[in-house]
Amino acid sequence: MPGSTHGSADGSTKTMGVLTIGGLVVVTAYTVALGSNGWLWFGWVVLGLITLAMVATRTP
């Protein structure tokens, strides 16, 4: 569409955002059901940081 800024990079950023939120839900459910697992939380933090980096480096 003319004037649209939605490209593949924007789609991948949205996908990473959805995965990050989904990961948070899964890790939280695991923690509630079975107890805390530091490696799961560490993995989620890394995923969140990667998502934030993608958002910060996104070109308009």
# chains A, B, ... in the order shown; residues from 1 in each chain; ligands from 1

call {"tool": "select_by_dssp", "arguments": {"residues": "chain A", "states": "helix (DSSP H, G or I)", "output": "PyMOL selection string"}}
result
chain A and resi 8-34+38-56

call {"tool": "residues_around", "arguments": {"residues": "A:Val18", "least_positions_apart": "6", "cutoff": "12 Å", "atoms": "only C-alpha atoms", "output": "VMD selection string"}}
result
chain A and resid 11 to 12 24 to 25 47 to 48 51

call {"tool": "write_last_selection", "arguments": {"atoms": "N, CA, C and O atoms", "output": "PDB file, in the first residue's frame"}}
result
ATOM      1  N   GLY A  11       6.700  -6.848  10.942  1.00  0.00           N
ATOM      2  CA  GLY A  11       6.012  -8.101  11.225  1.00  0.00           C
ATOM      3  C   GLY A  11       6.804  -8.983  12.161  1.00  0.00           C
ATOM      4  O   GLY A  11       6.247  -9.618  13.056  1.00  0.00           O
ATOM      5  N   SER A  12       8.115  -9.029  11.978  1.00  0.00           N
ATOM      6  CA  SER A  12       8.928  -9.861  12.858  1.00  0.00           C
ATOM      7  C   SER A  12       8.981  -9.272  14.262  1.00  0.00           C
ATOM      8  O   SER A  12       9.053 -10.015  15.243  1.00  0.00           O
ATOM      9  N   LEU A  24       5.968 -15.182  28.752  1.00  0.00           N
ATOM     10  CA  LEU A  24       5.696 -14.728  30.111  1.00  0.00           C
ATOM     11  C   LEU A  24       4.530 -15.504  30.719  1.00  0.00           C
ATOM     12  O   LEU A  24       4.591 -15.933  31.879  1.00  0.00           O
ATOM     13  N   VAL A  25       3.489 -15.715  29.935  1.00  0.00           N
ATOM     14  CA  VAL A  25       2.331 -16.468  30.423  1.00  0.00           C
ATOM     15  C   VAL A  25       2.734 -17.904  30.766  1.00  0.00           C
ATOM     16  O   VAL A  25       2.367 -18.433  31.820  1.00  0.00           O
ATOM     17  N   LEU A  47      14.803 -13.203  26.114  1.00  0.00           N
ATOM     18  CA  LEU A  47      13.839 -13.011  25.025  1.00  0.00           C
ATOM     19  C   LEU A  47      13.266 -11.594  25.057  1.00  0.00           C
ATOM     20  O   LEU A  47      13.139 -10.940  24.011  1.00  0.00           O
ATOM     21  N   GLY A  48      12.947 -11.101  26.240  1.00  0.00           N
ATOM     22  CA  GLY A  48      12.440  -9.733  26.375  1.00  0.00           C
ATOM     23  C   GLY A  48      13.448  -8.691  25.938  1.00  0.00           C
ATOM     24  O   GLY A  48      13.100  -7.710  25.269  1.00  0.00           O
ATOM     25  N   THR A  51      13.643  -8.650  22.201  1.00  0.00           N
ATOM     26  CA  THR A  51      12.469  -7.963  21.661  1.00  0.00           C
ATOM     27  C   THR A  51      12.614  -6.456  21.796  1.00  0.00           C
ATOM     28  O   THR A  51      12.323  -5.707  20.848  1.00  0.00           O
TER      29      THR A  51
END

call {"tool": "atom_distance", "arguments": {"atom1": "atom CA of A:Leu49", "atom2": "atom CA of A:Ala33"}}
result
25.5 Å

call {"tool": "atom_distance", "arguments": {"atom1": "atom CA of A:Leu40", "atom2": "atom CA of A:Thr57"}}
result
25.9 Å

call {"tool": "atom_distance", "arguments": {"atom1": "atom CA of A:Ser36", "atom2": "atom CA of A:Leu52"}}
result
24.2 Å

call {"tool": "residues_around", "arguments": {"residues": "A:Met54", "least_positions_apart": "4", "cutoff": "9 Å", "atoms": "only C-alpha atoms", "output": "list of chain:residue names"}}
result
A:Ala9, A:Ser12, A:Thr13, A:Met16, A:Leu49, A:Ile50, A:Arg58

call {"tool": "write_last_selection", "arguments": {"atoms": "C-alpha atoms", "output": "CSV table (one decimal), in the first residue's frame"}}
result
chain,number,residue,atom,x,y,z
A,9,ALA,CA,10.8,-6.1,9.9
A,12,SER,CA,8.9,-9.9,12.9
A,13,THR,CA,8.9,-7.3,15.7
A,16,MET,CA,8.7,-11.4,18.8
A,49,LEU,CA,15.8,-7.9,25.9
A,50,ILE,CA,16.0,-9.2,22.3
A,58,ARG,CA,13.3,-0.6,14.1
